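Everything on this sheet refers to the single structure shown next.
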Amino acid sequence: MNPRTHFRLVVLYVMVGVLLLVLVARMWTLQVLEGERYERIAAENRTRDIVVPALRGMILDDRGRPLARNTSSLVVSVDSTTLARLEDGGEAVLKRLAGVLGTSYEEISKRVRLCSPTVKRPCWSGSPYQPIPVEDDADPQRALQIMERQEDFPGVTARIQPVRTYPEPHGAGAVQALGYLQPITQEELEKRESIKVTGYSGVDLVGRAGLEAQYDRDLRGNAGYRRVLVDSHGRVTGVADEEKPVPGSNLVTSLDAQVQGVAEKALKEGIEAARKGGSPADSGGAVVMDVRTGRVVAMASYPSYDPGVWTGGISQKKYDALLGEKNNHPLISRVTQGMGPPGSTFKVSSLAAAVKDGYDLHGTYNCPGSYMVGSRAFNNFQSANLGSMNLHTALVKSCDTIFYKFAHEMWLHNGGKNAPPDAENPMVQMARGFGFGSRTGIDLPSESTGRIPDRRWKREYWEATRESSCKGAKEGYPKVAKTDPARAAYLKAVANENCKEGFVWRAGDAANLSIGQGNVMVTPLQLVRTYAAIANGGTLHTPRIGVAVVRPDGKVVRKIDAPKPQKVPVDDKVLAYMRKALADVPKEGTAAGAFAGFDLKRIAVGGKTGTAERYGKEDMSWFASFGPVKEPRYAIVAMVSQGGYGAQTSAPIVRKIWEAMYGTKDREPILKDGKLPTGIPEMPGSGTAP
Amino acid sequence: MITGSSVGSVEGYGGRRTWKGRLAGLRRLDWPLFLAVLALSVLGALLVRSATFQLLTEQGKDPEGFLKRHILNLSIGFVLGGVVTLLDYRLLRAYVPILYGLACVGLVAVLSPLGETINGSHSWIVLGGGFQVQPSEFAKVGLVVLLAMILGEPRDGEIGPGMRDVLLALVLAGVPAVLIILQPDLGTTLVFIAVVVGMLAISGAQKRWLAGLVGTGALAVAAVWLFGLLEDYQVDRFTAFMDPDADPRGAGYNARQARIAVGSGGLFGKGLFQGEQTGGHFVPEQQTDFIFTVAGEELGFVGGAAIVALLGVVLWRGLRIATQAADLFGTLVATGVVCWLGFQTFQNVGMSIGIMPITGLPLPFTSYGGSATFANMIAFGLLQAVHVRRRAFD
C-alpha cells in the first residue's frame with residue numbers, strides 16, 4: 001500500500017470517528033439534556049383535551065314550566081385557526097360551505113371574523129380558538145354533506161349542540177327578566193382559567209343580562225373534559241382521562257308564566273290604547289309582587305323583542321335595533337330601570353310622614369284649588385276646590401293642596417330656606433323608609449336607584465350645573481328669544497335663580513316632593529315594594545325572582561332567600577287607615593272610572609293613581625295597587641311613560657292583570673284557590689326537548 | 001478479544017477455489033463485522049415491528065406482516081452476503097461491465113413507464129405480487145465495484161490514477177448519477193458523491209482532482225439552488241431543516257415529529273414496543289427512513305448510541321479491511337462500501353435528530369426494505385470477501 005493511500009485511510013478513520021461522535025453528542029443534548037422538554041411536547045402531541053360543555057340549566061316558572069330551556073340542533077361551526085393555516089386563508093372552503101348551506105360567502109366570512117371596536121356585527125365575539133357557529137339549525141342533509149366530504153371542508157364541523165330557546169309559555173316572554181347569553185370572550189375565558197374554575201369552554205355562552213347573568217354559576221354547571229389519545233392524523237385512538245360534565249341546575253323562579261303572559265299583553269294593549277288616544281306612550285312596565293314574600297310574580301316591560309334573535313349570532317342591524325335609541329332600548333327592563341316621578345302614588349309616603357310629624361290622622365283639612373307656597377301658587381289637579389276633608393278622602397280624591405300645606409309647614413318648621421344641609425326633612429326620611437332612592441336589591445344585575453331629592457342632592461346638583469346656569473343667566477337665551485321671547489325671558493329668570501341660589505332647598509321643592517313631582521324618581525319595582533309593605537303591615541321585602549336552584553333530578557341545591565326584610569317606620573294603624581282609603585279609590589275615587597264594572601266583591605283591590613308632569617313631555621301614568629284588601633296577597637304596579645293620566649292608561653292595565661289572576665264572570669281565574677304555588681315544582685324532563 | 005482477525009493464516013489467499021477451501025476460509029471471516037451486522041439486523045427487525053404493528057392492527061392486517069417480510073428480506077440478504085463472501089472478489093472485475101450495464105438499464109427502466117413513484121421519488125419498479133425493486137440501491141454496489149476497477153488498476157510507478165482513469169471514472173459514475181438525479185433521488189445522489197470523492201481520495205488521486213471535484217460539486221449545488229432546479233418539496237425540506245418550527249404542519253412536520261420522538265425517549269427510552277409517538281404513527285415512514293426515531297424513543301439515548309456504535313463497528317471493520325486488503329482493488333472496494341454506509345448512517349441518523357436535512361435514505365442494516373437490505377448485505381459480503389482474501393500480516 002502506498003503511503004498516500006495509507007495516510008488518506010487514516011484521515012478517513014478520523015472523519016468517520018468524528019462524524020459518529022457528532023451524532024452521539026447531538027443525541028445526548030436532544031435526549032438527555034432536553035429530554036424533559038420533548039417529553040412534554042410529546043404528551044401534548046398525543047393528547048387532545050376536548051371540552052364537553054355542560055347542558056345549561058333551565059329557568060322555570062313557579063309551576064315548573066320552562067321559560068328558558070335548550071333544544072338540540074345541528075350546529076355547523078368553523079375553526080378559524082385551521083382556516084387561517086390554509087393557503088388562501090380558507091376562502092375556498094368558506095365558498096364551498098356557503099354553497100352547501102345556501103348562503104353567500106360574504107355572509108359567512110363576516111360571521112367568522114373576530115369582533116373588534118372597528119369590526120361590527122355580524123362577527124364573532126367569543127374566543128378565536130373555539131369553533132365559530134355559522135349555522136345554528138342546519139338541515140341534516142346538508143350537514144351530512146359536510147361531514148362526508150371532510151377533505152373539502154377542513155376545519156368545518158357539524159355536530160348536535162344544545163341551543164338556548166325561550167319557549168314563551170302562555171305568551172310569557174319575560175325577556176328583560178331572563179336576560180340573554182353571549183359567547184364568552186377571550187378575556188373572560190383567560191380570567192376563568194387563571195382561577196381554574198371549570199365551567200366555561202369557549203363554546204359556552206355566558207349570561208349577559210337578567211337572570212341568565214345573575215344565576216350564571218348555577219345555570220351553567222361544570223363543563224367536563226375528555227382527554228383523548230390521538231394519532232398523527234388527529235384520529236382518536238382512545239380515551240386517557242375523562243371527567244363527565246355536571247349539567248347546570250335549573251332555576252325555579254317565582255314568575256308565573258300565565259300571570260306574566262297576561263301582564264305583557266295588558267301592558268302592550270294599554271300602551272297601544274294610549275297611543276290611539278294621542279299620547280306618545282313610549283315605554284312602560286308592569287310588575288306583580290307577592291306582598292308576603294316580596295317575590296316577583298310577573299314583570300313586563302315595553303318595548304320588548306323576540307328572544308330568538310340571539311340564537312345563532314346576531315346581525316349588526318338586529319343588534320343595533322336592540323341597543324338603539326330608535327327602538328327605545330328594548331333590552332332594558334322598565335320595571336327595574338325605567339324611572340320617573342311617581343305622582344300621587346307617592347302620597348302614601350307623604351301622608352305617613354305628616355302623621356309621624358304630628359298631623360292628626362283623623363283630622364279634617366281644607367283642600368282648596370290652590371295653595372300659595374311663598375309667592376307661587378301650587379294648584380290642585382285641574383285647580384278643583386274640593387272643600388274640607390279627612391285624610392282618607394285626600395287619598396281617594398287625590399287632593400294635592402293638603403300635601404303642599406304639610407310640606408310647606410314642615411319646611412318652615414325645620415328651618416326653611418336657610419336650614420343647614422342636615423336639617424330634619426320628614427318627607428324625605430319617610431320616602432327613604434319606604435325604600436325609595438336606593439336599590440331594592442332584587443336578584444337582577446341591573447337596577448336603578450331612583451332619586452329622592454333633598455338638600456344635599458340639590459347642592460351637589462347645583463355644583464354640577466352652576467356653570468351653565470350662570471352662563472344662561474348672564475347671556476340669556478338669544479336663540480330661543482328669536483322665536484319665543486317670553487320663554488327666553490322665563491328661562492333666563494330660572495337660570496338666574498339657579499345660578500345664585502340653586503343649592504337652596506326651597507319650599508317649592510318640598511311641595512313638589514310631597515306629591516311625587518319634580519326631581520323625585522322611582523322605579524315601578526320600588527313602588528310595588530312600597531305598596532306591598534303597606535299591604536302586608538309594614539314589611540319592606542328585598543324582591544326576589546329566584547326561588548330555588550334545583551338539580552335536574554329534583555334535588556334542591558339551595559333555596560334562594562332574601563335578606564331579612566326591613567320594617568317601614570309607620571304605625572300599624574296608619575297603614576290600616578291607608579289601606580282602607582286606598583280600597584275606596586277604585587270604588588269611588590280617581591280610579592273608579594277605570595274599575596267600572598270590576599267585580600270588587602270577588603276581589604277587593606286597593607290602589608292609587610299617579611299622574612306625574614314632566615317638563616316638555618307628556619304625563620307619566622302610574623297605578624299602584626294591592627289586593628285582596630282584607631287579606632292582601634299581591635301588589636301590582638303599572639307605569640307608562642308619556643302615557644297620560646294614571647287613571648286613563650295604567651289603571652286599566654293593572655285591572656286586566658287582577659281580572660286574569662282572580663277571574664271574572666266569564667273567565668276562569670289563574671289562581672285556582674286564590675293563590676299561586678309557592679313550593680318547588682316538579683322538574684320537567686331533560687333540558688333538551690326534541 | 002477479537003477472533004478471526006488475528007488468525008494469521010493465508011489459506012484463502014490465492015488458494016484453490018474448491019468448496020472445501022471456501023468453507024475453510026470462513027474461519028477467516030471478520031467476526032466482529034458479522035456480529036455487528038447481525039445485531040443491527042435483529043434490532044432493526046424489532047424496531048420495524050414496533051413501528052408497524054399498531055398501524056397494521058388498526059388496519060385489520062396481520063400485525064407482524066412487516067416483520068415477517070423483513071425477516072424474509074434479511075434471510076435473502078444474508079444468503080446474498082454469504083454468496084458474495086465466497087466469491088473471489090478479484091474475479092468481480094470480469095463482471096463489472098455486466099453489473100454496471102444492469103444498473104444503468106434498471107435506472108433507465110425506472111424512468112420509463114415501468115417505474116413507480118413512491119413518496120415523491122420515481123425510484124421503483126413494481127414486479128407484481130407485492131414485490132418491487134429499487135435499482136438505485138443496486139447501483140451503489142455497481143458504482144463501488146466499477147470505481148474500484150478503474151481506479152484500482154495495477155499501476156507502475158504512479159502513486160495514484162492518471163487523468164485518463166479519473167475522467168473515465170467520473171464519466172462512468174456520472175451516467176447512473178444523472179439517472180438518479182432525474183428520479184429525483186437527492187439522497188442517493190449524495191451517496192454517489194460521497195463514494196466517488198472517498199474512493200478517488202483513497203486511490204491516491206492527486207489533490208487537484210479532489211479539490212476540483214469538490215469545487216465543481218459546490219458550483220453545481222450553487223447552480224441548482226440559483227436556477228431553481230430543485231423540486232419545491234426539496235427546497236421546503238431544506239428550509240424546514242434550517243428552521244424546523246417554521247411550518248410544523250407542512251415541510252417541517254417530519255423533522256419536528258422525528259425530533260420529538262427521539263427527544264422524548266430520554267436516557268433509557270420508553271421500552272421496546274412502548275413508544276407512544278411511534279404507536280401513534282406521528283413520524284411518517286418510520287419503518288424505513290425514520291427507523292432511528294423508533295430506537296430513539298423506545299430505547300433512549302443508550303439504545304440509540306448502541307446502534308450508532310454498532311454501525312461504528314461496521315465502519316471501523318470496513319476501514320480495517322480496506323487497510324489490510326491484498327490489493328488496491330480490495331482496498332477501494334472496502335473504502336467505497338465504508339463511504340457509502342458511513343454517509344448513509346450520518347445522513348439518516350442526522351436527519352432523525354435534526355442536524356441534517358431530510359432526504360430519503362434508509363439506515364444501513366436496520367431499516368425495513370428489500371432492495372436496500374439486499375444491497376447492504378452485498379456490501380457486507382464484499383467487505384468479508386476482501387477480508388477473507390486479505391494479505392497476511394507481515
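Here, A, B, ... name the chains of the C-alpha cells in the order displayed, residue numbers run from 1 inside each chain, and ligands are numbered from 1 in the same displayed order.
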Using only C-alpha atoms, find which residues of chain B lie within 7 Å of chain A and jot them down as an mmCIF file with C-alpha atoms, in the first residue's frame.
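Once written, selection.cif looks like this:
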data_model
loop_
_atom_site.group_PDB
_atom_site.id
_atom_site.type_symbol
_atom_site.label_atom_id
_atom_site.label_comp_id
_atom_site.auth_asym_id
_atom_site.auth_seq_id
_atom_site.Cartn_x
_atom_site.Cartn_y
_atom_site.Cartn_z
ATOM 1 C CA ILE B 159 1.017 6.565 -6.805
ATOM 2 C CA ALA B 201 -9.029 10.110 -2.393
ATOM 3 C CA ILE B 202 -8.062 6.643 -1.238
ATOM 4 C CA SER B 203 -6.990 5.592 -4.703
ATOM 5 C CA GLY B 204 -4.274 8.175 -4.347
ATOM 6 C CA ILE B 260 -39.987 14.971 19.376
ATOM 7 C CA VAL B 262 -36.228 10.914 19.706
ATOM 8 C CA GLY B 263 -36.110 13.638 22.333
ATOM 9 C CA SER B 264 -38.945 12.200 24.369
ATOM 10 C CA GLY B 265 -37.053 8.922 24.679
ATOM 11 C CA GLY B 266 -34.732 10.336 27.279
ATOM 12 C CA LEU B 267 -31.789 8.372 28.597
ATOM 13 C CA GLY B 280 -49.486 6.994 17.218
ATOM 14 C CA HIS B 281 -47.573 6.989 13.898
ATOM 15 C CA PHE B 282 -46.625 10.610 14.309
ATOM 16 C CA PHE B 301 -30.046 7.564 24.305
ATOM 17 C CA ALA B 305 -25.966 5.242 20.943
ATOM 18 C CA VAL B 308 -24.566 4.201 16.295
ATOM 19 C CA LEU B 319 -11.720 0.637 7.159
ATOM 20 C CA GLY B 342 -20.868 5.857 6.531
ATOM 21 C CA PHE B 346 -24.625 10.002 9.225
ATOM 22 C CA GLY B 350 -28.586 13.113 11.394
ATOM 23 C CA ILE B 353 -32.073 14.161 15.258
#
**Prompt:** Where in region 157-393 of chain B does DSSP assign helix (DSSP H, G or I), given as a ChimeraX atom specification?
**Reply:** /B:163-181,186-202,207-226,232-242,252-263,276-279,291-324,328-352,371-388
**Asked** Leaving out Leu80 (chain B) and any residue of its chain fewer than 2 positions from it, which residues lie within 8 Å of it when counting only C-alpha atoms, given as a PyMOL selection string?
**Response** chain B and resi 76-78+82-84+374+377-378+381
**Request:** Please provide the set of residues having any atom within 12 Å of Leu315 (chain B), restricted to only C-alpha atoms, with same-chain residues fewer than 2 positions apart removed, written as an MDAnalysis selection string.
**Result:** (chainID A and resid 12:17 19:20) or (chainID B and resid 32:34 36:37 308:313 317:322 334:346 364 379:380 383)
**For Leu322 (chain A), the nearest of the candidates A:Thr401, A:Gln214, A:Thr449, A:Gln176, counting only C-alpha atoms** = A:Gln176
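Of note, CA of Leu527 (chain A) and CA of Gly343 (chain A) are spaced 11.1 Å apart.
Within 7 Å of region 133-148 of chain A there are Ser73, Leu74, Val75, Val76, Ser77, Val78, Val100, Leu101, Ile108, Arg111, Phe153, Thr157, Ala158 and Gly312 of chain A, counting only C-alpha atoms and ignoring same-chain residues fewer than 4 positions away.
Residue nearest Val428 (chain A) within the list A:Asn385, A:Ser350, A:Thr71, A:Ser446: A:Ser350 [criterion: smallest interatomic distance, only C-alpha atoms].
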**Prompt:** Can you list, as a count of residues only, every residue of region 481-568 of chain A that DSSP puts in strand (DSSP E)?
**Reply:** 13
